[in-house]
$ cat my_file-v9.cif   # mmCIF, C-alpha atoms (C1' of nucleotides)
data_data
#
loop_
_atom_site.label_atom_id
_atom_site.label_comp_id
_atom_site.auth_asym_id
_atom_site.auth_seq_id
_atom_site.Cartn_x
_atom_site.Cartn_y
_atom_site.Cartn_z
CA MET A 196 3.11 -43.06 6.52
CA LYS A 197 -0.51 -43.79 5.78
CA SER A 198 -1.91 -42.69 9.11
CA LYS A 199 -0.39 -39.23 8.83
CA PHE A 200 -1.94 -38.78 5.43
CA ASN A 201 -5.29 -39.77 6.89
CA ASP A 202 -4.84 -37.24 9.66
CA MET A 203 -4.21 -34.57 7.06
CA LEU A 204 -7.29 -35.54 5.11
CA GLN A 205 -9.35 -35.36 8.24
CA VAL A 206 -8.25 -31.77 8.85
CA LEU A 207 -9.34 -30.96 5.30
CA GLN A 208 -12.66 -32.71 5.67
CA GLU A 209 -13.45 -30.95 8.90
CA HIS A 210 -12.50 -27.62 7.38
CA ILE A 211 -14.84 -28.19 4.46
CA THR A 212 -17.67 -29.42 6.64
CA LYS A 213 -17.33 -26.48 8.98
CA HIS A 214 -17.40 -23.92 6.19
CA LEU A 215 -20.28 -25.50 4.38
CA GLY A 216 -22.34 -25.88 7.53
CA LYS A 217 -23.07 -29.52 6.67
CA THR A 218 -21.30 -32.62 5.47
CA PRO A 219 -21.27 -32.37 1.69
CA GLU A 220 -21.96 -35.12 -0.78
CA ARG A 221 -18.95 -36.81 -2.30
CA LEU A 222 -16.63 -35.61 0.46
CA GLU A 223 -14.50 -38.75 0.24
CA GLU A 224 -14.14 -38.41 -3.50
CA VAL A 225 -13.13 -34.78 -3.19
CA SER A 226 -10.61 -35.24 -0.42
CA ASN A 227 -9.03 -38.22 -2.11
CA ALA A 228 -8.22 -36.01 -5.07
CA PHE A 229 -5.73 -34.16 -2.87
CA GLU A 230 -2.08 -35.09 -2.80
CA PRO A 231 -0.04 -34.77 0.42
CA LEU A 232 3.14 -32.76 0.45
CA GLN A 233 5.76 -32.27 3.14
CA LEU A 234 8.18 -29.41 2.60
CA LYS A 235 11.14 -27.95 4.39
CA ARG A 236 11.47 -24.40 5.49
CA GLY A 237 12.65 -22.37 2.50
CA ALA A 238 11.06 -24.57 -0.18
CA PHE A 239 9.25 -22.81 -3.03
CA LEU A 240 5.81 -23.76 -4.28
CA LEU A 241 5.92 -21.18 -7.05
CA ARG A 242 8.38 -18.70 -8.57
CA ASP A 243 7.99 -15.61 -10.73
CA GLY A 244 7.35 -16.75 -14.29
CA GLU A 245 6.05 -20.21 -13.43
CA ILE A 246 2.50 -21.37 -13.96
CA CYS A 247 0.67 -22.35 -10.80
CA LYS A 248 -0.79 -25.81 -11.34
CA HIS A 249 -2.28 -26.36 -7.89
CA VAL A 250 -4.32 -24.96 -5.09
CA TYR A 251 -2.74 -25.71 -1.70
CA PHE A 252 -4.47 -26.35 1.59
CA ILE A 253 -2.29 -25.84 4.66
CA VAL A 254 -2.54 -28.55 7.30
CA GLU A 255 0.47 -27.26 9.20
CA GLY A 256 3.06 -24.54 8.70
CA CYS A 257 3.23 -21.08 7.20
CA LEU A 258 3.59 -19.78 3.64
CA GLN A 259 4.71 -16.40 2.37
CA VAL A 260 3.43 -14.94 -0.91
CA PHE A 261 5.65 -12.13 -2.15
CA VAL A 262 7.14 -10.22 -5.06
CA ILE A 263 10.70 -8.98 -5.50
CA ASP A 264 11.15 -5.31 -6.33
CA LYS A 265 13.74 -3.63 -8.54
CA ASN A 266 16.20 -3.38 -5.64
CA GLY A 267 15.91 -7.07 -4.85
CA ASN A 268 13.77 -6.58 -1.75
CA GLU A 269 10.90 -8.90 -0.92
CA SER A 270 7.44 -7.38 -0.55
CA THR A 271 5.06 -9.76 1.12
CA ARG A 272 1.49 -9.69 -0.09
CA GLU A 273 0.19 -12.21 2.41
CA PHE A 274 1.04 -14.92 4.92
CA TYR A 275 -1.03 -18.07 5.08
CA THR A 276 -1.25 -20.53 7.97
CA GLU A 277 -3.16 -23.61 9.11
CA GLU A 278 -6.49 -24.27 7.40
CA GLN A 279 -6.00 -21.63 4.75
CA TRP A 280 -5.93 -21.99 0.98
CA VAL A 281 -3.13 -20.63 -1.16
CA THR A 282 -2.63 -20.12 -4.86
CA ASP A 283 -1.87 -17.44 -7.41
CA ILE A 284 -5.52 -17.03 -8.26
CA MET A 285 -5.44 -15.43 -11.70
CA GLY A 286 -2.39 -17.34 -12.85
CA PHE A 287 -4.07 -20.52 -11.72
CA LYS A 288 -7.46 -19.77 -13.28
CA ASN A 289 -5.99 -18.74 -16.62
CA GLN A 290 -2.92 -20.98 -16.43
CA GLN A 291 -0.64 -18.04 -17.03
CA ALA A 292 2.78 -17.15 -15.66
CA SER A 293 2.74 -15.83 -12.12
CA LYS A 294 4.44 -12.68 -10.95
CA GLU A 295 4.59 -13.87 -7.38
CA TYR A 296 6.65 -16.28 -5.31
CA ILE A 297 5.15 -18.72 -2.81
CA LYS A 298 7.57 -20.01 -0.20
CA CYS A 299 7.48 -22.13 2.96
CA ILE A 300 8.75 -20.10 5.88
CA GLU A 301 8.24 -23.02 8.23
CA PRO A 302 8.26 -26.77 7.67
CA CYS A 303 4.90 -27.40 6.02
CA LYS A 304 2.36 -30.17 5.66
CA LEU A 305 0.17 -29.40 2.69
CA LEU A 306 -2.54 -30.94 0.57
CA ARG A 307 -2.72 -29.91 -3.03
CA ILE A 308 -5.29 -30.33 -5.77
CA HIS A 309 -4.41 -30.13 -9.44
CA TYR A 310 -5.89 -27.58 -11.83
CA ASP A 311 -7.69 -30.16 -13.97
CA VAL A 312 -9.40 -31.77 -11.00
CA PHE A 313 -10.21 -28.39 -9.48
CA GLN A 314 -11.95 -27.26 -12.64
CA ARG A 315 -13.92 -30.52 -12.89
CA PHE A 316 -15.09 -30.33 -9.29
CA SER A 317 -15.95 -26.64 -9.68
CA SER A 318 -18.43 -27.34 -12.45
CA ASP A 319 -19.64 -30.76 -11.25
CA ILE A 320 -19.99 -30.37 -7.51
CA PRO A 321 -22.05 -27.39 -6.29
CA ALA A 322 -20.75 -27.69 -2.74
CA PHE A 323 -17.19 -27.45 -4.04
CA ALA A 324 -18.00 -24.33 -6.06
CA GLN A 325 -19.65 -22.88 -2.99
CA ILE A 326 -16.60 -23.41 -0.79
CA TYR A 327 -14.42 -21.90 -3.46
CA GLN A 328 -16.64 -18.85 -3.64
CA GLN A 329 -16.51 -18.38 0.11
CA ILE A 330 -12.74 -18.51 0.05
CA LEU A 331 -12.69 -16.04 -2.80
CA GLU A 332 -14.96 -13.60 -0.99
CA LEU A 333 -12.92 -13.80 2.17
CA SER A 334 -9.63 -13.40 0.32
CA TYR A 335 -10.95 -10.43 -1.58
CA SER A 336 -12.24 -8.82 1.55
CA ASN A 337 -8.90 -9.29 3.32
CA THR A 338 -7.05 -7.79 0.42
CA VAL A 339 -9.38 -4.80 0.33
CA TYR A 340 -8.63 -4.11 3.98
CA ARG A 341 -4.97 -4.47 3.19
CA VAL A 342 -5.12 -1.83 0.45
CA ASN A 343 -6.93 0.53 2.77
CA THR A 344 -4.41 0.12 5.56
CA LEU A 345 -1.48 0.55 3.19
CA THR A 346 -2.79 3.79 1.74
CA SER A 347 -4.39 5.36 4.79
CA LEU A 348 -2.04 4.50 7.67
CA ASP A 349 1.56 5.47 8.37
CA ALA A 350 4.14 2.88 9.39
CA LEU A 351 3.45 3.03 13.11
CA ASP A 352 -0.29 2.70 12.68
CA ARG A 353 0.20 -0.20 10.30
CA ILE A 354 2.13 -2.02 13.03
CA LYS A 355 -0.64 -1.28 15.51
CA TRP A 356 -3.20 -2.47 12.97
CA LEU A 357 -1.38 -5.76 12.58
CA MET A 358 -1.09 -6.27 16.32
CA GLU A 359 -4.79 -5.74 16.77
CA ASN A 360 -5.99 -7.66 13.75
CA LYS A 361 -3.45 -10.43 13.32
CA PRO A 362 -1.70 -10.77 16.68
CA LYS A 363 -0.71 -14.37 16.00
CA LEU A 364 1.38 -13.36 13.01
CA MET A 365 3.26 -10.80 15.09
CA THR A 366 4.50 -13.46 17.48
CA ARG A 367 4.94 -16.24 14.96
CA LEU A 368 7.00 -14.43 12.33
CA SER A 369 10.36 -12.66 12.31
CA SER A 370 10.44 -8.88 12.41
CA LYS A 371 12.00 -8.87 8.99
CA LEU A 372 9.06 -10.74 7.48
CA ILE A 373 6.56 -8.52 9.27
CA ALA A 374 8.37 -5.46 7.93
CA SER A 375 8.19 -6.78 4.38
CA TYR A 376 4.45 -7.29 4.89
CA LEU A 377 3.94 -3.76 6.18
CA GLY A 378 6.00 -2.18 3.43
CA ILE A 379 8.72 -0.80 5.68
CA SER A 380 12.42 -1.57 6.18
CA PRO A 381 13.57 -3.88 9.00
CA GLU A 382 15.42 -0.95 10.62
CA THR A 383 12.31 1.20 10.68
CA MET A 384 10.42 -1.74 12.13
CA THR A 385 12.91 -2.02 14.99
CA ARG A 386 12.77 1.70 15.70
CA LEU A 387 9.00 1.97 15.64
CA LYS A 388 8.54 -1.02 17.92
CA GLY A 389 10.21 1.13 20.58
CA LYS A 390 7.46 3.70 20.22
CA LEU A 391 4.57 1.40 20.96
CA MET B 219 -38.11 8.33 -19.90
CA LYS B 220 -38.78 4.73 -20.76
CA SER B 221 -36.47 4.50 -23.74
CA LYS B 222 -33.44 5.60 -21.72
CA PHE B 223 -34.15 2.92 -19.17
CA ASN B 224 -34.32 0.39 -21.97
CA ASP B 225 -31.00 1.62 -23.32
CA MET B 226 -29.47 1.10 -19.90
CA LEU B 227 -30.88 -2.40 -19.65
CA GLN B 228 -29.46 -3.21 -23.04
CA VAL B 229 -25.97 -2.24 -21.89
CA LEU B 230 -26.38 -4.56 -18.94
CA GLN B 231 -27.67 -7.41 -21.07
CA GLU B 232 -24.83 -7.11 -23.52
CA HIS B 233 -22.32 -7.00 -20.69
CA ILE B 234 -23.73 -10.19 -19.19
CA THR B 235 -23.94 -11.97 -22.54
CA LYS B 236 -20.38 -11.00 -23.40
CA HIS B 237 -18.98 -12.26 -20.12
CA LEU B 238 -20.90 -15.47 -20.14
CA GLY B 239 -20.03 -16.25 -23.74
CA LYS B 240 -23.66 -16.97 -24.53
CA THR B 241 -27.12 -15.53 -23.98
CA PRO B 242 -28.21 -16.88 -20.61
CA GLU B 243 -31.60 -18.21 -19.67
CA ARG B 244 -33.92 -15.82 -17.88
CA LEU B 245 -31.96 -12.77 -19.02
CA GLU B 246 -35.11 -10.64 -19.18
CA GLU B 247 -36.15 -11.66 -15.72
CA VAL B 248 -32.72 -10.86 -14.32
CA SER B 249 -32.31 -7.51 -15.97
CA ASN B 250 -35.82 -6.42 -15.00
CA ALA B 251 -34.84 -6.89 -11.37
CA PHE B 252 -32.51 -3.91 -11.71
CA GLU B 253 -33.59 -0.42 -10.78
CA PRO B 254 -32.28 2.59 -12.72
CA LEU B 255 -30.61 5.42 -10.89
CA GLN B 256 -29.36 8.79 -12.08
CA LEU B 257 -27.05 10.64 -9.75
CA LYS B 258 -25.26 13.96 -9.72
CA ARG B 259 -21.58 14.41 -9.28
CA GLY B 260 -20.81 14.28 -5.57
CA ALA B 261 -23.71 12.01 -4.60
CA PHE B 262 -22.97 9.18 -2.16
CA LEU B 263 -24.06 5.58 -2.65
CA LEU B 264 -22.65 4.53 0.70
CA ARG B 265 -21.03 6.08 3.74
CA ASP B 266 -18.89 4.72 6.58
CA GLY B 267 -21.16 2.92 9.02
CA GLU B 268 -24.01 2.28 6.59
CA ILE B 269 -25.05 -1.13 5.35
CA CYS B 270 -24.72 -1.62 1.62
CA LYS B 271 -28.05 -2.93 0.32
CA HIS B 272 -27.26 -3.05 -3.38
CA VAL B 273 -24.81 -4.04 -6.04
CA TYR B 274 -24.41 -1.32 -8.64
CA PHE B 275 -23.73 -1.69 -12.35
CA ILE B 276 -22.31 1.41 -14.02
CA VAL B 277 -23.89 2.31 -17.36
CA GLU B 278 -22.21 5.69 -17.46
CA GLY B 279 -20.02 7.74 -15.13
CA CYS B 280 -17.32 7.10 -12.56
CA LEU B 281 -17.40 6.09 -8.90
CA GLN B 282 -14.77 6.42 -6.20
CA VAL B 283 -14.48 3.96 -3.30
CA PHE B 284 -12.47 5.39 -0.46
CA VAL B 285 -11.80 5.59 3.27
CA ILE B 286 -11.03 8.67 5.35
CA ASP B 287 -7.93 8.52 7.53
CA LYS B 288 -7.31 10.04 10.96
CA ASN B 289 -6.21 13.36 9.41
CA GLY B 290 -9.36 13.63 7.34
CA ASN B 291 -7.67 12.72 4.06
CA GLU B 292 -9.36 10.50 1.51
CA SER B 293 -7.56 7.30 0.49
CA THR B 294 -9.05 5.84 -2.67
CA ARG B 295 -9.19 2.08 -2.86
CA GLU B 296 -10.57 1.95 -6.39
CA PHE B 297 -12.25 3.83 -9.20
CA TYR B 298 -15.00 2.18 -11.19
CA THR B 299 -16.25 3.17 -14.63
CA GLU B 300 -18.59 2.03 -17.40
CA GLU B 301 -19.60 -1.64 -17.35
CA GLN B 302 -18.11 -2.32 -13.97
CA TRP B 303 -19.79 -3.58 -10.80
CA VAL B 304 -19.46 -1.84 -7.46
CA THR B 305 -20.33 -2.73 -3.92
CA ASP B 306 -18.76 -3.14 -0.50
CA ILE B 307 -18.47 -6.87 -0.92
CA MET B 308 -18.20 -8.15 2.65
CA GLY B 309 -20.58 -5.57 4.05
CA PHE B 310 -23.05 -6.51 1.35
CA LYS B 311 -22.68 -10.27 1.75
CA ASN B 312 -23.01 -10.18 5.53
CA GLN B 313 -25.24 -7.09 5.69
CA GLN B 314 -22.83 -5.39 8.05
CA ALA B 315 -21.75 -1.79 8.41
CA SER B 316 -19.26 -0.63 5.80
CA LYS B 317 -16.00 1.15 6.53
CA GLU B 318 -15.86 2.65 3.07
CA TYR B 319 -17.53 5.48 1.16
CA ILE B 320 -18.79 5.12 -2.38
CA LYS B 321 -19.23 8.43 -4.22
CA CYS B 322 -20.09 9.61 -7.71
CA ILE B 323 -17.23 11.70 -9.08
CA GLU B 324 -19.10 12.29 -12.35
CA PRO B 325 -22.81 12.38 -13.15
CA CYS B 326 -23.76 8.69 -13.16
CA LYS B 327 -26.30 6.39 -14.74
CA LEU B 328 -26.49 3.23 -12.70
CA LEU B 329 -28.50 0.06 -12.39
CA ARG B 330 -28.80 -1.48 -8.98
CA ILE B 331 -29.99 -4.81 -7.67
CA HIS B 332 -31.18 -5.33 -4.13
CA TYR B 333 -29.54 -7.72 -1.70
CA ASP B 334 -32.59 -9.99 -1.41
CA VAL B 335 -32.92 -10.40 -5.16
CA PHE B 336 -29.20 -10.86 -5.57
CA GLN B 337 -29.15 -13.69 -3.07
CA ARG B 338 -32.14 -15.37 -4.70
CA PHE B 339 -30.61 -15.18 -8.16
CA SER B 340 -27.25 -16.40 -6.84
CA SER B 341 -28.73 -19.62 -5.60
CA ASP B 342 -31.43 -20.09 -8.27
CA ILE B 343 -29.69 -19.12 -11.48
CA PRO B 344 -26.35 -20.80 -12.21
CA ALA B 345 -25.45 -18.30 -14.92
CA PHE B 346 -25.92 -15.48 -12.43
CA ALA B 347 -23.69 -17.18 -9.89
CA GLN B 348 -21.14 -17.72 -12.60
CA ILE B 349 -21.04 -14.05 -13.59
CA TYR B 350 -20.74 -13.09 -9.97
CA GLN B 351 -17.81 -15.43 -9.53
CA GLN B 352 -16.05 -14.02 -12.57
CA ILE B 353 -16.42 -10.50 -11.21
CA LEU B 354 -15.14 -11.66 -7.86
CA GLU B 355 -12.08 -13.30 -9.37
CA LEU B 356 -11.26 -10.26 -11.43
CA SER B 357 -11.77 -7.88 -8.52
CA TYR B 358 -9.61 -10.00 -6.27
CA SER B 359 -6.90 -10.21 -8.87
CA ASN B 360 -6.90 -6.43 -9.38
CA THR B 361 -6.67 -5.85 -5.68
CA VAL B 362 -3.77 -8.27 -5.38
CA TYR B 363 -1.87 -6.31 -8.01
CA ARG B 364 -2.71 -3.16 -6.15
CA VAL B 365 -1.24 -4.45 -2.91
CA ASN B 366 1.91 -5.50 -4.72
CA THR B 367 2.37 -2.12 -6.38
CA LEU B 368 1.72 -0.27 -3.13
CA THR B 369 4.32 -2.25 -1.20
CA SER B 370 6.98 -2.76 -3.86
CA LEU B 371 7.05 0.50 -5.84
CA ASP B 372 7.99 4.04 -4.84
CA ALA B 373 5.77 7.00 -5.68
CA LEU B 374 7.26 7.67 -9.11
CA ASP B 375 7.03 4.04 -10.18
CA ARG B 376 3.44 3.87 -8.97
CA ILE B 377 2.60 6.78 -11.27
CA LYS B 378 4.33 5.03 -14.16
CA TRP B 379 2.48 1.82 -13.31
CA LEU B 380 -0.83 3.63 -13.46
CA MET B 381 -0.03 5.28 -16.77
CA GLU B 382 0.86 1.94 -18.31
CA ASN B 383 -1.91 -0.12 -16.80
CA LYS B 384 -4.81 2.29 -16.48
CA PRO B 385 -4.05 5.15 -18.88
CA LYS B 386 -7.71 6.10 -19.21
CA LEU B 387 -7.94 6.90 -15.52
CA MET B 388 -4.92 9.22 -15.76
CA THR B 389 -6.64 11.43 -18.30
CA ARG B 390 -10.15 11.14 -16.95
CA LEU B 391 -9.53 11.99 -13.31
CA SER B 392 -8.12 14.97 -11.46
CA SER B 393 -4.56 14.81 -10.16
CA LYS B 394 -5.89 15.06 -6.67
CA LEU B 395 -7.95 11.91 -7.07
CA ILE B 396 -5.08 10.04 -8.72
CA ALA B 397 -2.82 11.05 -5.85
CA SER B 398 -5.30 9.71 -3.31
CA TYR B 399 -5.36 6.43 -5.26
CA LEU B 400 -1.57 6.15 -5.30
CA GLY B 401 -1.21 6.98 -1.65
CA ILE B 402 0.71 10.23 -2.14
CA SER B 403 -0.05 13.90 -1.51
CA PRO B 404 -1.27 16.15 -4.36
CA GLU B 405 1.92 18.23 -4.08
CA THR B 406 4.15 15.20 -4.47
CA MET B 407 2.03 14.16 -7.43
CA THR B 408 2.62 17.52 -9.11
CA ARG B 409 6.36 17.34 -8.49
CA LEU B 410 6.82 13.79 -9.68
CA LYS B 411 4.86 14.41 -12.87
CA GLY B 412 7.69 16.74 -13.82
CA LYS B 413 10.16 13.86 -13.59
CA LEU B 414 8.43 11.61 -16.07
"C1'" DT C 129 -21.61 33.53 -18.84
"C1'" DC C 130 -20.15 34.65 -14.35
"C1'" DA C 131 -18.99 34.06 -9.61
"C1'" DA C 132 -17.60 30.76 -6.29
"C1'" DA C 133 -15.37 26.92 -5.36
"C1'" DT C 134 -12.05 23.75 -6.20
"C1'" DC C 135 -7.68 22.46 -8.13
"C1'" DA C 136 -2.75 22.71 -9.62
"C1'" DT C 137 1.57 24.53 -8.87
"C1'" DT C 138 5.55 26.36 -6.41
"C1'" DG C 139 8.63 27.42 -2.49
"C1'" DA C 140 10.29 26.72 2.13
"C1'" DC C 141 10.60 23.70 5.59
"C1'" DA C 142 9.51 19.57 8.64
"C1'" DT C 143 8.97 14.82 9.10
"C1'" DT C 144 9.20 10.23 7.95
"C1'" DT C 145 11.51 6.56 6.21
"C1'" DA C 146 15.43 4.36 3.74
"C1'" DT C 147 20.21 3.20 3.37
"C1'" DC C 148 24.68 1.81 4.85
"C1'" DA C 149 27.66 -0.05 8.22
"C1'" DA C 150 29.00 -2.49 12.30
"C1'" DG C 151 28.49 -5.33 16.25
"C1'" DA C 152 25.70 -8.33 19.23
"C1'" DG C 153 22.48 -11.77 19.46
"C1'" DT C 154 19.78 -15.83 17.89
"C1'" DC C 155 18.66 -19.91 15.47
"C1'" DG C 156 19.13 -24.11 12.89
"C1'" DT C 157 21.99 -27.82 11.48
"C1'" DT C 158 25.25 -30.95 11.97
"C1'" DA D 24 27.91 -28.16 21.65
"C1'" DA D 25 29.80 -25.42 17.87
"C1'" DC D 26 29.68 -23.44 13.51
"C1'" DG D 27 27.77 -20.58 10.16
"C1'" DA D 28 24.11 -18.02 8.61
"C1'" DC D 29 20.83 -15.08 9.43
"C1'" DT D 30 18.54 -11.50 12.37
"C1'" DC D 31 18.12 -7.60 15.38
"C1'" DT D 32 19.62 -3.34 16.95
"C1'" DT D 33 21.85 1.19 16.85
"C1'" DG D 34 24.01 5.27 14.87
"C1'" DA D 35 24.90 8.48 11.21
"C1'" DT D 36 23.35 10.24 7.14
"C1'" DA D 37 20.65 10.69 2.86
"C1'" DA D 38 16.55 10.53 0.28
"C1'" DA D 39 11.74 10.66 -0.22
"C1'" DT D 40 7.57 12.52 0.93
"C1'" DG D 41 4.42 15.47 3.67
"C1'" DT D 42 2.75 19.99 5.37
"C1'" DC D 43 1.69 24.74 5.11
"C1'" DA D 44 0.97 28.87 2.64
"C1'" DA D 45 0.25 31.71 -1.36
"C1'" DT D 46 -0.98 32.42 -6.14
"C1'" DG D 47 -2.89 31.65 -10.55
"C1'" DA D 48 -5.70 28.44 -13.38
"C1'" DT D 49 -9.67 25.68 -14.11
"C1'" DT D 50 -14.10 23.93 -13.48
"C1'" DT D 51 -18.80 23.86 -12.19
"C1'" DG D 52 -23.33 24.96 -11.32
"C1'" DA D 53 -26.63 28.72 -11.10
#

$ encode --input "my_file-v9.cif" --output "structure tokens"
Amino acid sequence: MKSKFNDMLQVLQEHITKHLGKTPERLEEVSNAFEPLQLKRGAFLLRDGEICKHVYFIVEGCLQVFVIDKNGNESTREFYTEEQWVTDIMGFKNQQASKEYIKCIEPCKLLRIHYDVFQRFSSDIPAFAQIYQQILELSYSNTVYRVNTLTSLDALDRIKWLMENKPKLMTRLSSKLIASYLGISPETMTRLKGKL
Amino acid sequence: MKSKFNDMLQVLQEHITKHLGKTPERLEEVSNAFEPLQLKRGAFLLRDGEICKHVYFIVEGCLQVFVIDKNGNESTREFYTEEQWVTDIMGFKNQQASKEYIKCIEPCKLLRIHYDVFQRFSSDIPAFAQIYQQILELSYSNTVYRVNTLTSLDALDRIKWLMENKPKLMTRLSSKLIASYLGISPETMTRLKGKL
DNA sequence: TCAAATCATTGACATTTATCAAGAGTCGTT
DNA sequence: AACGACTCTTGATAAATGTCAATGATTTGA
């Protein structure tokens, strides 16, 4: 369906324009380099050991990035939703095997750009490099906060932190997923919710 | 002492050249924008609530970046040593109050560059922007690993992880500091070391 | 080199959190 | 609408980790 694809591209274009503060040169060329992707709940974009070939832009839906520990439990590093960018950054940059999984936890509409094109745009189009750097800075900053909450807060305070800082995730996601994000078991999650 | 300052600048220049893969243009101009700094063990570069005005390059010594939790305990986000860059990235970029402390845990020789100069170089000198991006990617990647180890490993496995991945820190730092980095109490650290 | 401060270790105990199991509820798919 | 799969909750118990206190060792700065 051509019109749906165009709708998706428009979301991307507006996202880029908003973040850059102006309409960049070659916006059409850049957005046309993206490929649309519709995925069912449960589909994987990446598995442990695979090389991540794309950066994904989320038009609609929610993705979970996680690892699996020695007991087979999922530990979620991050959830990504509408108008966010997802990839395994170092695996992507160096084209090396990932240690993470990326999975759709809702039906998703995505746009993806291939490594080769990404690299070309990064060096050829300053506005593209600039957007990328902004995303990188924001991602880094989020992850820094995440480390600090994980090491300095107990389970109950981590739940409170999430409710205050990412309330939309709390309502959108299952308790089990939230628990895997906070580094606690689903049972503990249930019990602590009673103490709020 | 002029010659010591020159020695410090040379370390910086070699670091930049190595990471860029070539000697960049305007290297002298860039390195002369840095100010040398000698600090005693225990000195603070930044405290909670302050605005970080500089990016620091470590010529010699070790820095601790940490937060203080509600019980007054330090939680270390990261240690930085020779030839690494340190700042509170989002606070620096947006010139907003930091939530972290940055402290010398050894006598330190540092070079620092001021926010205004950093911004100017970032937009004027492509090689400078490129180095900055590399540092950002590496820092982000490290922090991602850190989140995954904190959520997916128990205390003993986190110690093992540190020994395998950052063995120099294990020998260089006190157990107390290591414990605050791993998110465990000093007593637990002592006990688990016996189980290795 | 010495005195003061900090650190590491150990024991006893408290607290937090995980694990296992079972039943009720919910959701998605057909 | 019904089936099956998954999720949530609760209880009982176990394991992991924290806290407090005391002692000896180590380090640091004067």

$ interface_residues --input "my_file-v9.cif" --of "chain D" --to "chain B" --cutoff "10 Å" --atoms "all atoms listed in the file" --output "MDAnalysis selection string"
chainID D and resid 39:42

$ interface_residues --input "my_file-v9.cif" --of "chain C" --to "chain A" --cutoff "10 Å" --atoms "only C-alpha atoms (C1' of nucleotides)" --output "ChimeraX atom specification"
/C:144-147

$ residues_around --input "my_file-v9.cif" --residues "C:DT138" --least-positions-apart "2" --cutoff "10 Å" --atoms "only C-alpha atoms (C1' of nucleotides)" --output "list in words"
Glu405, Thr408 and Arg409 of chain B; DA136 and DA140 of chain C; DA45 and DT46 of chain D

$ write_last_selection --input "my_file-v9.cif" --atoms "C-alpha atoms (C1' of nucleotides)" --output "tab-separated table (two decimals), in the frame of the given file"
chain	number	residue	atom	x	y	z
B	405	GLU	CA	1.92	18.23	-4.08
B	408	THR	CA	2.62	17.52	-9.11
B	409	ARG	CA	6.36	17.34	-8.49
C	136	DA	C1'	-2.75	22.71	-9.62
C	140	DA	C1'	10.29	26.72	2.13
D	45	DA	C1'	0.25	31.71	-1.36
D	46	DT	C1'	-0.98	32.42	-6.14

$ residues_around --input "my_file-v9.cif" --residues "C:DC148" --least-positions-apart "5" --cutoff "10 Å" --atoms "all atoms listed in the file" --output "PDB file with C-alpha atoms (C1' of nucleotides), in the frame of the given file"
ATOM      1  C1'  DA D  35      24.900   8.480  11.210  1.00  0.00           C
ATOM      2  C1'  DT D  36      23.350  10.240   7.140  1.00  0.00           C
ATOM      3  C1'  DA D  37      20.650  10.690   2.860  1.00  0.00           C
TER       4       DA D  37
END

$ atom_distance --input "my_file-v9.cif" --atom1 "atom CA of A:Val262" --atom2 "atom CA of A:Tyr296"
6.1 Å

$ residues_around --input "my_file-v9.cif" --residues "C:DA152" --least-positions-apart "5" --cutoff "12 Å" --atoms "all atoms listed in the file" --output "ChimeraX atom specification"
/D:30-33

$ decode --input "my_file-v9.cif" --residues "stretch 308-326 of chain B" --atoms "C-alpha atoms" --output "tab-separated table (two decimals), in the first residue's frame"
chain	number	residue	atom	x	y	z
B	308	MET	CA	24.21	15.93	29.11
B	309	GLY	CA	24.89	18.53	31.77
B	310	PHE	CA	27.81	19.75	29.71
B	311	LYS	CA	25.98	19.79	26.38
B	312	ASN	CA	22.95	21.60	27.76
B	313	GLN	CA	24.81	23.53	30.48
B	314	GLN	CA	22.46	22.19	33.12
B	315	ALA	CA	23.03	21.14	36.71
B	316	SER	CA	24.66	17.75	37.11
B	317	LYS	CA	23.40	14.96	39.34
B	318	GLU	CA	26.81	13.36	39.55
B	319	TYR	CA	30.09	13.95	41.35
B	320	ILE	CA	33.46	13.71	39.66
B	321	LYS	CA	36.38	13.18	42.05
B	322	CYS	CA	40.09	12.48	41.84
B	323	ILE	CA	40.87	9.21	43.59
B	324	GLU	CA	44.59	9.57	42.81
B	325	PRO	CA	46.76	12.63	42.26
B	326	CYS	CA	45.82	13.70	38.72
